[in-house]
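So this block is start-v2.cif, mmCIF, C-alpha atoms and all ligand atoms:
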```cif
data_coords
#
loop_
_atom_site.group_PDB
_atom_site.id
_atom_site.type_symbol
_atom_site.label_atom_id
_atom_site.label_comp_id
_atom_site.auth_asym_id
_atom_site.auth_seq_id
_atom_site.Cartn_x
_atom_site.Cartn_y
_atom_site.Cartn_z
ATOM 1 C CA MET Q 1 -30.598 -18.099 -18.138
ATOM 2 C CA SER Q 2 -32.832 -19.614 -15.471
ATOM 3 C CA PRO Q 3 -32.843 -18.022 -11.988
ATOM 4 C CA MET Q 4 -31.599 -21.342 -10.569
ATOM 5 C CA LYS Q 5 -28.624 -21.455 -12.966
ATOM 6 C CA ARG Q 6 -27.834 -17.810 -12.152
ATOM 7 C CA LEU Q 7 -27.812 -18.646 -8.440
ATOM 8 C CA PHE Q 8 -25.440 -21.588 -9.002
ATOM 9 C CA ASP Q 9 -23.139 -19.430 -11.146
ATOM 10 C CA PHE Q 10 -23.127 -16.724 -8.496
ATOM 11 C CA ARG Q 11 -22.272 -19.232 -5.749
ATOM 12 C CA ALA Q 12 -19.555 -20.865 -7.860
ATOM 13 C CA GLU Q 13 -18.012 -17.464 -8.617
ATOM 14 C CA LYS Q 14 -18.083 -16.521 -4.907
ATOM 15 C CA LYS Q 15 -16.486 -19.847 -3.952
ATOM 16 C CA LYS Q 16 -13.767 -19.406 -6.593
ATOM 17 C CA LYS Q 17 -13.014 -15.878 -5.380
ATOM 18 C CA LYS Q 18 -12.715 -17.093 -1.771
ATOM 19 C CA LEU Q 19 -10.402 -19.933 -2.808
ATOM 20 C CA LEU Q 20 -8.146 -17.562 -4.769
ATOM 21 C CA LYS Q 21 -7.832 -15.374 -1.678
ATOM 22 C CA VAL Q 22 -6.949 -18.365 0.466
ATOM 23 C CA LEU Q 23 -4.357 -19.438 -2.084
ATOM 24 C CA GLY Q 24 -2.936 -15.935 -2.003
ATOM 25 C CA GLU Q 25 -3.452 -15.186 -5.667
ATOM 26 C CA GLU Q 26 -5.787 -12.318 -4.909
ATOM 27 C CA PRO Q 27 -5.299 -9.776 -2.156
ATOM 28 C CA GLN Q 28 -7.757 -9.751 0.706
ATOM 29 C CA LEU Q 29 -9.272 -6.291 0.549
ATOM 30 C CA ILE Q 30 -11.406 -4.850 3.331
ATOM 31 C CA VAL Q 31 -14.565 -5.063 1.273
ATOM 32 C CA ASP Q 32 -17.391 -7.548 0.756
ATOM 33 C CA ASP Q 33 -16.642 -10.791 2.562
ATOM 34 C CA ALA Q 34 -13.499 -9.730 4.442
ATOM 35 C CA PRO Q 35 -13.355 -11.133 8.000
ATOM 36 C CA PHE Q 36 -14.643 -8.706 10.605
ATOM 37 C CA GLU Q 37 -11.390 -8.674 12.625
ATOM 38 C CA TYR Q 38 -9.352 -7.971 9.497
ATOM 39 C CA VAL Q 39 -11.507 -4.946 8.637
ATOM 40 C CA GLU Q 40 -11.422 -3.724 12.251
ATOM 41 C CA ALA Q 41 -7.624 -3.914 12.318
ATOM 42 C CA PHE Q 42 -7.397 -1.547 9.356
ATOM 43 C CA LYS Q 43 -9.915 0.832 10.930
ATOM 44 C CA GLU Q 44 -7.773 0.933 14.052
ATOM 45 C CA LEU Q 45 -4.736 1.563 11.895
ATOM 46 C CA ARG Q 46 -6.606 4.444 10.236
ATOM 47 C CA THR Q 47 -7.304 6.026 13.618
ATOM 48 C CA ASN Q 48 -3.655 5.799 14.614
ATOM 49 C CA LEU Q 49 -2.575 7.179 11.266
ATOM 50 C CA ASN Q 50 -4.965 10.127 11.549
ATOM 51 C CA PHE Q 51 -3.384 10.957 14.885
ATOM 52 C CA LEU Q 52 0.174 10.677 13.581
ATOM 53 C CA ALA Q 53 -0.675 12.580 10.406
ATOM 54 C CA SER Q 54 -2.271 15.438 12.305
ATOM 55 C CA ARG Q 55 1.038 15.888 14.110
ATOM 56 C CA SER Q 56 3.294 15.686 11.057
ATOM 57 C CA LYS Q 57 1.031 17.371 8.529
ATOM 58 C CA THR Q 58 1.817 20.824 7.262
ATOM 59 C CA GLU Q 59 -1.287 22.956 7.029
ATOM 60 C CA GLY Q 60 -3.533 22.392 4.021
ATOM 61 C CA LYS Q 61 -1.273 19.802 2.459
ATOM 62 C CA GLY Q 62 -1.641 16.100 1.786
ATOM 63 C CA CYS Q 63 0.175 13.787 4.141
ATOM 64 C CA LYS Q 64 2.563 11.652 2.084
ATOM 65 C CA ILE Q 65 3.172 8.170 3.422
ATOM 66 C CA LEU Q 66 5.287 5.399 2.005
ATOM 67 C CA VAL Q 67 4.845 1.715 2.774
ATOM 68 C CA THR Q 68 7.831 -0.600 2.578
ATOM 69 C CA SER Q 69 9.353 -3.733 4.129
ATOM 70 C CA SER Q 70 12.630 -5.631 4.358
ATOM 71 C CA ILE Q 71 12.170 -8.313 1.713
ATOM 72 C CA PRO Q 72 9.673 -9.228 -1.043
ATOM 73 C CA GLY Q 73 6.290 -10.752 -0.270
ATOM 74 C CA GLU Q 74 5.658 -9.305 3.191
ATOM 75 C CA GLY Q 75 2.289 -7.803 2.245
ATOM 76 C CA LYS Q 76 3.175 -4.183 1.384
ATOM 77 C CA SER Q 77 0.873 -3.835 -1.606
ATOM 78 C CA THR Q 78 -2.078 -5.500 0.127
ATOM 79 C CA THR Q 79 -1.521 -3.364 3.221
ATOM 80 C CA VAL Q 80 -1.178 -0.035 1.396
ATOM 81 C CA ILE Q 81 -4.351 -0.713 -0.613
ATOM 82 C CA ASN Q 82 -6.296 -1.554 2.532
ATOM 83 C CA ILE Q 83 -4.997 1.541 4.330
ATOM 84 C CA ALA Q 84 -6.148 3.609 1.341
ATOM 85 C CA LEU Q 85 -9.577 1.950 1.421
ATOM 86 C CA ALA Q 86 -9.937 2.431 5.182
ATOM 87 C CA LEU Q 87 -9.009 6.116 4.879
ATOM 88 C CA ALA Q 88 -11.470 6.607 2.006
ATOM 89 C CA GLN Q 89 -14.195 4.909 4.076
ATOM 90 C CA GLY Q 90 -13.397 7.469 6.775
ATOM 91 C CA ASN Q 91 -14.160 10.277 4.289
ATOM 92 C CA HIS Q 92 -10.576 11.175 3.540
ATOM 93 C CA LYS Q 93 -9.443 12.039 0.043
ATOM 94 C CA VAL Q 94 -6.770 9.529 -0.898
ATOM 95 C CA LEU Q 95 -4.331 9.170 -3.769
ATOM 96 C CA LEU Q 96 -2.526 5.843 -4.050
ATOM 97 C CA ILE Q 97 0.622 5.710 -6.187
ATOM 98 C CA ASP Q 98 2.394 2.570 -7.375
ATOM 99 C CA GLY Q 99 5.976 3.443 -6.537
ATOM 100 C CA ASP Q 100 7.095 -0.132 -7.114
ATOM 101 C CA MET Q 101 8.205 0.257 -10.699
ATOM 102 C CA ARG Q 102 9.962 -3.116 -10.704
ATOM 103 C CA ASN Q 103 7.109 -5.314 -9.528
ATOM 104 C CA PRO Q 104 3.968 -3.178 -9.809
ATOM 105 C CA VAL Q 105 0.705 -4.827 -8.779
ATOM 106 C CA LEU Q 106 -1.808 -2.063 -8.009
ATOM 107 C CA ARG Q 107 -3.180 -2.251 -11.553
ATOM 108 C CA LYS Q 108 -3.784 -5.983 -11.121
ATOM 109 C CA TYR Q 109 -4.887 -5.982 -7.469
ATOM 110 C CA LEU Q 110 -7.416 -3.187 -8.090
ATOM 111 C CA ARG Q 111 -8.398 -4.402 -11.566
ATOM 112 C CA LEU Q 112 -7.728 -1.052 -13.187
ATOM 113 C CA VAL Q 113 -8.530 -0.729 -16.847
ATOM 114 C CA GLN Q 114 -6.138 2.119 -17.696
ATOM 115 C CA LYS Q 115 -3.297 1.198 -20.015
ATOM 116 C CA GLU Q 116 0.354 1.068 -18.937
ATOM 117 C CA GLU Q 117 1.262 3.926 -21.287
ATOM 118 C CA THR Q 118 -0.539 6.287 -18.918
ATOM 119 C CA GLY Q 119 1.212 5.235 -15.704
ATOM 120 C CA LEU Q 120 3.671 6.801 -13.273
ATOM 121 C CA SER Q 121 6.893 6.475 -15.298
ATOM 122 C CA ALA Q 122 5.205 8.039 -18.343
ATOM 123 C CA LEU Q 123 3.959 10.877 -16.150
ATOM 124 C CA LEU Q 124 7.402 11.461 -14.634
ATOM 125 C CA ASN Q 125 8.931 11.476 -18.115
ATOM 126 C CA ASN Q 126 6.399 14.149 -19.103
ATOM 127 C CA ASP Q 127 4.949 11.889 -21.793
ATOM 128 C CA VAL Q 128 1.372 12.188 -20.504
ATOM 129 C CA LYS Q 129 -0.799 14.508 -18.431
ATOM 130 C CA ILE Q 130 -1.940 13.720 -14.904
ATOM 131 C CA GLU Q 131 -5.616 13.718 -15.971
ATOM 132 C CA ASP Q 132 -4.830 10.755 -18.222
ATOM 133 C CA CYS Q 133 -3.113 8.855 -15.397
ATOM 134 C CA LEU Q 134 -5.596 9.199 -12.559
ATOM 135 C CA ALA Q 135 -7.770 6.118 -12.153
ATOM 136 C CA ARG Q 136 -10.833 6.672 -9.995
ATOM 137 C CA THR Q 137 -11.747 3.420 -8.302
ATOM 138 C CA GLU Q 138 -15.099 2.169 -7.050
ATOM 139 C CA TYR Q 139 -13.666 2.409 -3.514
ATOM 140 C CA GLY Q 140 -13.341 6.195 -3.648
ATOM 141 C CA VAL Q 141 -9.556 6.060 -3.908
ATOM 142 C CA ASP Q 142 -7.700 7.688 -6.805
ATOM 143 C CA VAL Q 143 -4.783 5.682 -8.172
ATOM 144 C CA ILE Q 144 -1.735 6.360 -10.311
ATOM 145 C CA ALA Q 145 -0.599 2.908 -11.417
ATOM 146 C CA ASN Q 146 2.674 1.866 -12.990
ATOM 147 C CA GLY Q 147 3.804 3.027 -16.400
ATOM 148 C CA PRO Q 148 6.194 1.221 -18.747
ATOM 149 C CA MET Q 149 9.218 -0.194 -16.887
ATOM 150 C CA PRO Q 150 11.840 2.598 -16.897
ATOM 151 C CA PRO Q 151 15.604 1.933 -17.097
ATOM 152 C CA ASN Q 152 16.228 4.076 -14.005
ATOM 153 C CA PRO Q 153 13.469 3.606 -11.376
ATOM 154 C CA ALA Q 154 15.544 4.849 -8.411
ATOM 155 C CA GLU Q 155 16.453 8.071 -10.244
ATOM 156 C CA LEU Q 156 12.942 8.653 -11.495
ATOM 157 C CA ILE Q 157 11.324 8.137 -8.117
ATOM 158 C CA LYS Q 158 13.328 10.897 -6.414
ATOM 159 C CA SER Q 159 13.455 13.211 -9.429
ATOM 160 C CA ASP Q 160 12.451 16.868 -9.537
ATOM 161 C CA THR Q 161 9.486 15.807 -11.658
ATOM 162 C CA MET Q 162 8.303 13.623 -8.762
ATOM 163 C CA ARG Q 163 8.708 16.607 -6.444
ATOM 164 C CA SER Q 164 6.614 18.798 -8.755
ATOM 165 C CA LEU Q 165 4.046 16.034 -9.199
ATOM 166 C CA LEU Q 166 3.603 15.825 -5.422
ATOM 167 C CA LYS Q 167 3.435 19.617 -5.109
ATOM 168 C CA GLY Q 168 0.726 19.653 -7.737
ATOM 169 C CA VAL Q 169 -1.471 17.001 -6.124
ATOM 170 C CA GLU Q 170 -0.932 17.448 -2.394
ATOM 171 C CA GLY Q 171 -3.472 20.272 -2.100
ATOM 172 C CA HIS Q 172 -6.174 17.980 -3.514
ATOM 173 C CA TYR Q 173 -5.728 15.017 -1.156
ATOM 174 C CA ASP Q 174 -5.655 14.366 2.585
ATOM 175 C CA TYR Q 175 -3.337 11.408 2.083
ATOM 176 C CA ILE Q 176 -0.961 10.376 -0.672
ATOM 177 C CA LEU Q 177 0.174 6.786 -0.203
ATOM 178 C CA PHE Q 178 3.027 5.032 -1.973
ATOM 179 C CA ASP Q 179 3.522 1.331 -2.541
ATOM 180 C CA THR Q 180 7.253 0.643 -2.909
ATOM 181 C CA PRO Q 181 9.715 -2.246 -3.358
ATOM 182 C CA PRO Q 182 11.393 -3.817 -0.284
ATOM 183 C CA VAL Q 183 13.993 -1.378 1.026
ATOM 184 C CA GLY Q 184 16.318 -4.182 2.097
ATOM 185 C CA VAL Q 185 16.718 -5.260 -1.503
ATOM 186 C CA ILE Q 186 16.289 -2.115 -3.615
ATOM 187 C CA THR Q 187 17.045 1.518 -2.792
ATOM 188 C CA ASP Q 188 13.883 3.054 -4.308
ATOM 189 C CA ALA Q 189 11.956 3.390 -1.030
ATOM 190 C CA ALA Q 190 14.927 4.994 0.731
ATOM 191 C CA ALA Q 191 15.308 7.378 -2.217
ATOM 192 C CA LEU Q 192 11.647 8.348 -2.051
ATOM 193 C CA SER Q 193 11.413 8.699 1.731
ATOM 194 C CA PRO Q 194 12.846 12.273 1.928
ATOM 195 C CA LEU Q 195 9.915 13.372 -0.222
ATOM 196 C CA CYS Q 196 7.417 11.788 2.191
ATOM 197 C CA ASP Q 197 6.199 12.755 5.661
ATOM 198 C CA GLY Q 198 6.482 9.252 7.020
ATOM 199 C CA VAL Q 199 7.191 5.589 6.436
ATOM 200 C CA LEU Q 200 5.060 2.630 7.533
ATOM 201 C CA TYR Q 201 7.160 -0.482 7.870
ATOM 202 C CA VAL Q 202 5.577 -3.865 7.105
ATOM 203 C CA ILE Q 203 6.931 -6.945 8.810
ATOM 204 C CA ARG Q 204 5.493 -10.336 7.938
ATOM 205 C CA HIS Q 205 5.327 -12.702 10.871
ATOM 206 C CA ARG Q 206 8.223 -15.195 10.881
ATOM 207 C CA PHE Q 207 9.399 -14.271 7.405
ATOM 208 C CA ALA Q 208 12.412 -11.923 7.148
ATOM 209 C CA SER Q 209 15.288 -12.635 9.523
ATOM 210 C CA ARG Q 210 16.071 -10.259 12.364
ATOM 211 C CA LYS Q 211 19.276 -9.271 10.552
ATOM 212 C CA GLN Q 212 17.413 -8.506 7.313
ATOM 213 C CA VAL Q 213 14.989 -6.255 9.193
ATOM 214 C CA HIS Q 214 17.774 -4.418 11.041
ATOM 215 C CA ASN Q 215 19.833 -3.898 7.878
ATOM 216 C CA ALA Q 216 16.838 -2.644 5.935
ATOM 217 C CA ILE Q 217 15.806 -0.213 8.672
ATOM 218 C CA LYS Q 218 19.388 1.039 8.802
ATOM 219 C CA LYS Q 219 19.029 2.076 5.155
ATOM 220 C CA LEU Q 220 15.994 4.173 6.011
ATOM 221 C CA LYS Q 221 17.691 5.733 9.011
ATOM 222 C CA MET Q 222 20.667 6.709 6.847
ATOM 223 C CA VAL Q 223 18.392 8.994 4.851
ATOM 224 C CA ASP Q 224 16.646 10.260 8.002
ATOM 225 C CA ALA Q 225 13.325 8.665 7.112
ATOM 226 C CA ASN Q 226 10.543 9.340 9.580
ATOM 227 C CA ILE Q 227 9.457 5.807 10.473
ATOM 228 C CA LEU Q 228 5.963 6.188 11.886
ATOM 229 C CA GLY Q 229 5.539 2.594 12.951
ATOM 230 C CA THR Q 230 5.513 -1.056 12.066
ATOM 231 C CA ILE Q 231 2.689 -3.202 10.765
ATOM 232 C CA LEU Q 232 2.886 -6.901 11.480
ATOM 233 C CA THR Q 233 1.154 -8.943 8.776
ATOM 234 C CA GLN Q 234 -0.040 -12.515 8.558
ATOM 235 C CA TYR Q 235 0.062 -12.981 12.292
ATOM 236 C CA ASP Q 236 -2.765 -15.086 13.620
ATOM 237 C CA VAL Q 237 -3.309 -13.917 17.173
ATOM 238 C CA PRO Q 238 -3.970 -16.926 19.454
ATOM 239 C CA LYS Q 239 -7.639 -17.490 20.261
ATOM 240 C CA ASN Q 240 -7.218 -17.074 24.014
ATOM 241 C CA SER Q 241 -5.140 -13.892 23.776
ATOM 242 C CA GLY Q 242 -8.168 -11.660 24.321
ATOM 243 C CA ARG Q 243 -7.377 -9.866 21.081
ATOM 244 C CA ARG Q 244 -8.232 -11.944 18.058
ATOM 245 C CA HIS Q 245 -7.083 -10.474 14.755
ATOM 246 C CA TYR Q 246 -7.204 -12.413 11.532
ATOM 247 C CA GLY Q 247 -3.831 -12.566 9.813
ATOM 248 C CA TYR Q 248 -2.971 -8.986 10.609
ATOM 249 C CA TYR Q 249 -1.784 -6.997 13.535
ATOM 250 C CA HIS Q 250 -0.062 -3.712 13.899
ATOM 251 C CA LYS Q 251 1.966 -1.751 16.355
ATOM 252 C CA TYR Q 252 3.228 1.774 16.459
ATOM 253 C CA ASN Q 253 6.439 2.984 17.909
ATOM 254 C CA ARG Q 254 9.011 5.605 17.224
ATOM 255 C CA TYR Q 255 11.503 3.241 15.627
ATOM 256 C CA ASN Q 256 14.039 5.917 14.812
ATOM 257 C CA LYS Q 257 13.832 7.996 17.953
HETATM 258 N N1 LIG Q 301 -2.349 -9.621 5.936
HETATM 259 C C1 LIG Q 301 -2.273 -10.638 5.085
HETATM 260 N N2 LIG Q 301 -2.792 -11.845 5.428
HETATM 261 C C2 LIG Q 301 -2.719 -12.890 4.586
HETATM 262 N N3 LIG Q 301 -2.125 -12.854 3.370
HETATM 263 C C3 LIG Q 301 -1.603 -11.700 2.969
HETATM 264 C C4 LIG Q 301 -1.646 -10.524 3.805
HETATM 265 N N4 LIG Q 301 -1.018 -9.540 3.161
HETATM 266 C C5 LIG Q 301 -0.611 -10.065 1.970
HETATM 267 N N5 LIG Q 301 -0.954 -11.346 1.858
HETATM 268 C C6 LIG Q 301 -0.650 -12.237 0.708
HETATM 269 O O1 LIG Q 301 0.780 -12.325 0.593
HETATM 270 C C7 LIG Q 301 1.163 -12.268 -0.787
HETATM 271 C C8 LIG Q 301 2.098 -11.095 -1.020
HETATM 272 O O2 LIG Q 301 1.362 -9.910 -0.775
HETATM 273 P P1 LIG Q 301 1.754 -8.519 -1.433
HETATM 274 O O3 LIG Q 301 1.792 -8.596 -2.930
HETATM 275 O O4 LIG Q 301 0.865 -7.517 -0.822
HETATM 276 O O5 LIG Q 301 3.238 -8.413 -0.863
HETATM 277 P P2 LIG Q 301 4.371 -7.364 -1.218
HETATM 278 O O6 LIG Q 301 5.147 -7.145 0.024
HETATM 279 O O7 LIG Q 301 3.781 -6.182 -1.860
HETATM 280 O O8 LIG Q 301 5.243 -8.185 -2.273
HETATM 281 P P3 LIG Q 301 6.412 -7.584 -3.213
HETATM 282 O O9 LIG Q 301 7.578 -7.354 -2.326
HETATM 283 O O10 LIG Q 301 6.627 -8.699 -4.204
HETATM 284 O O11 LIG Q 301 5.886 -6.334 -3.832
HETATM 285 C C9 LIG Q 301 -0.133 -12.129 -1.603
HETATM 286 O O12 LIG Q 301 -0.465 -13.401 -2.094
HETATM 287 C C10 LIG Q 301 -1.135 -11.623 -0.598
HETATM 288 O O13 LIG Q 301 -2.464 -12.019 -0.936
HETATM 289 MG MG MG Q 302 4.201 -5.245 -3.700
#
```
Mind converting the file's structure to structure tokens?
Amino acid sequence: MSPMKRLFDFRAEKKKKKLLKVLGEEPQLIVDDAPFEYVEAFKELRTNLNFLASRSKTEGKGCKILVTSSIPGEGKSTTVINIALALAQGNHKVLLIDGDMRNPVLRKYLRLVQKEETGLSALLNNDVKIEDCLARTEYGVDVIANGPMPPNPAELIKSDTMRSLLKGVEGHYDYILFDTPPVGVITDAAALSPLCDGVLYVIRHRFASRKQVHNAIKKLKMVDANILGTILTQYDVPKNSGRRHYGYYHKYNRYNK
């Protein structure tokens, strides 16, 4: 292939990738051509998380954090991946687990090659070993993706096997992050939260209603979840606000205190 043709192919591929991101078919990760403000927002989030984790972390153990939201499509999976990437860029050892057994996307979003037979549900059913499930990504983040769709996700996610899995891995990682389904719709995230040190709550700008957010948060409070803070996604901060963030903004508060 001629150098000129290669250059055209490269440009066409780059253009296609950009378009897919704009159309929302591919997640915007904080790598390559991600907008500066977008990357900075996740770095800031990492700093805040480090601070919160250092307070809630038990000595020598991985800090387990779950990411959820009120309703589908608020940006949980994209956000949890980018948090994992930002933490890994900050030299933290990170394990990312796809706890959304009903609509798992980490395998797709991160282009993992491992087969479904070696995913989380298979691991929790003791069908496979953890060594077979761990995918090591180019971003320095280890991932356990979804396994075959189980008949009982909510039971499996809070099972004793999950407890032992976490006990087994927490000494090896600084952070263990979970992607989960929306807590306002499905109970899985609420079921998993007692096994985690904290919950990060994603709210997409002008998407879920106030009532949906309140009802969903109530479900987390009922199980005494430690809500570390909220992350507002897809919010384009006005140009003259003095704080320009591209499609992403976050805020911490003690929601349940
Ligand atoms: N901060 C963001 N800015 C712009 N678009 C985003 C952002 N976060 C996510 N998206 C887009 O929104 C869509 C849904 O994102 P994602 O899959 O992360 O949501 P989700 O909350 O995990 O959805 P589900 O509830 O179905 O699991 C995707 O097309 C994604 O590219
Ligand atoms: Mg998701």
Taking only C-alpha atoms and all ligand atoms into account, list the residues no farther than 10 Å from ligand LIG 301 (chain Q), as number ranges by chain.
Q: 20-29, 38, 67-82, 100-106, 109, 179-183, 185, 202-205, 231-236, 246-249
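Counting from CA of Glu116 (chain Q), the distance to CA of Asp33 (chain Q) is 29.9 Å.
Proximity ranking of Q:Ile176, Q:Met222, Q:Ala189, Q:Val128 relative to Ala154 (chain Q) places Q:Ala189 first, based on only C-alpha atoms.
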Would you tabulate, counting all atoms listed in the file, all residues of region 76-162 of chain Q that have an atom at most 10 Å from an atom of region 193-197 of chain Q, showing the closest pair of atoms and their distance in Å to one decimal, sorted by chain then ascending number, as a tab-separated table?
```
residue	atom	partner	partner_atom	distance
Q:Ile157	CA	Q:Leu195	CA	9.6
Q:Lys158	CA	Q:Leu195	CA	7.5
Q:Ser159	CA	Q:Leu195	CA	9.9
Q:Met162	CA	Q:Leu195	CA	8.7
```
Prev. selection, C-alpha atoms, output as an mmCIF file, keeping the file's coordinate frame:
```
data_model
loop_
_atom_site.group_PDB
_atom_site.id
_atom_site.type_symbol
_atom_site.label_atom_id
_atom_site.label_comp_id
_atom_site.auth_asym_id
_atom_site.auth_seq_id
_atom_site.Cartn_x
_atom_site.Cartn_y
_atom_site.Cartn_z
ATOM 1 C CA ILE Q 157 11.324 8.137 -8.117
ATOM 2 C CA LYS Q 158 13.328 10.897 -6.414
ATOM 3 C CA SER Q 159 13.455 13.211 -9.429
ATOM 4 C CA MET Q 162 8.303 13.623 -8.762
#
```
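Nearest residue to ligand MG 302 (chain Q) among Q:Asn146, Q:Ser54, Q:Thr230, Q:Asn126 is Q:Asn146, counting all atoms listed in the file.
Selection check: the PyMOL selection byres (((chain Q and resi 50) around 12) and not hetatm) on the shown file gives Lys43, Glu44, Leu45, Arg46, Thr47, Asn48, Leu49, Phe51, Leu52, Ala53, Ser54, Arg55, Ser56, Lys57, Gly62, Cys63, Ile65, Ile83, Ala86, Leu87, Gly90, Asn91, His92, Asp174, Tyr175 and Leu228 of chain Q.
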Using C-alpha atoms, can you export the residues from the last selection as a PDB file, keeping the file's coordinate frame?
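Wrote it out as result34.pdb, contents follow:
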```pdb
ATOM      1  CA  LYS Q  43      -9.915   0.832  10.930  1.00  0.00           C
ATOM      2  CA  GLU Q  44      -7.773   0.933  14.052  1.00  0.00           C
ATOM      3  CA  LEU Q  45      -4.736   1.563  11.895  1.00  0.00           C
ATOM      4  CA  ARG Q  46      -6.606   4.444  10.236  1.00  0.00           C
ATOM      5  CA  THR Q  47      -7.304   6.026  13.618  1.00  0.00           C
ATOM      6  CA  ASN Q  48      -3.655   5.799  14.614  1.00  0.00           C
ATOM      7  CA  LEU Q  49      -2.575   7.179  11.266  1.00  0.00           C
ATOM      8  CA  PHE Q  51      -3.384  10.957  14.885  1.00  0.00           C
ATOM      9  CA  LEU Q  52       0.174  10.677  13.581  1.00  0.00           C
ATOM     10  CA  ALA Q  53      -0.675  12.580  10.406  1.00  0.00           C
ATOM     11  CA  SER Q  54      -2.271  15.438  12.305  1.00  0.00           C
ATOM     12  CA  ARG Q  55       1.038  15.888  14.110  1.00  0.00           C
ATOM     13  CA  SER Q  56       3.294  15.686  11.057  1.00  0.00           C
ATOM     14  CA  LYS Q  57       1.031  17.371   8.529  1.00  0.00           C
ATOM     15  CA  GLY Q  62      -1.641  16.100   1.786  1.00  0.00           C
ATOM     16  CA  CYS Q  63       0.175  13.787   4.141  1.00  0.00           C
ATOM     17  CA  ILE Q  65       3.172   8.170   3.422  1.00  0.00           C
ATOM     18  CA  ILE Q  83      -4.997   1.541   4.330  1.00  0.00           C
ATOM     19  CA  ALA Q  86      -9.937   2.431   5.182  1.00  0.00           C
ATOM     20  CA  LEU Q  87      -9.009   6.116   4.879  1.00  0.00           C
ATOM     21  CA  GLY Q  90     -13.397   7.469   6.775  1.00  0.00           C
ATOM     22  CA  ASN Q  91     -14.160  10.277   4.289  1.00  0.00           C
ATOM     23  CA  HIS Q  92     -10.576  11.175   3.540  1.00  0.00           C
ATOM     24  CA  ASP Q 174      -5.655  14.366   2.585  1.00  0.00           C
ATOM     25  CA  TYR Q 175      -3.337  11.408   2.083  1.00  0.00           C
ATOM     26  CA  LEU Q 228       5.963   6.188  11.886  1.00  0.00           C
TER      27      LEU Q 228
END
```
Option closest in space to ligand MG 302 (chain Q), from Q:Ile97, Q:Val113, Q:Val237, Q:Val31 [counting only C-alpha atoms and all ligand atoms]
Q:Ile97
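The closest residue to ligand MG 302 (chain Q), picked from Q:His172, Q:Lys93, Q:Arg107, Q:His214 and counting only C-alpha atoms and all ligand atoms, is Q:Arg107.
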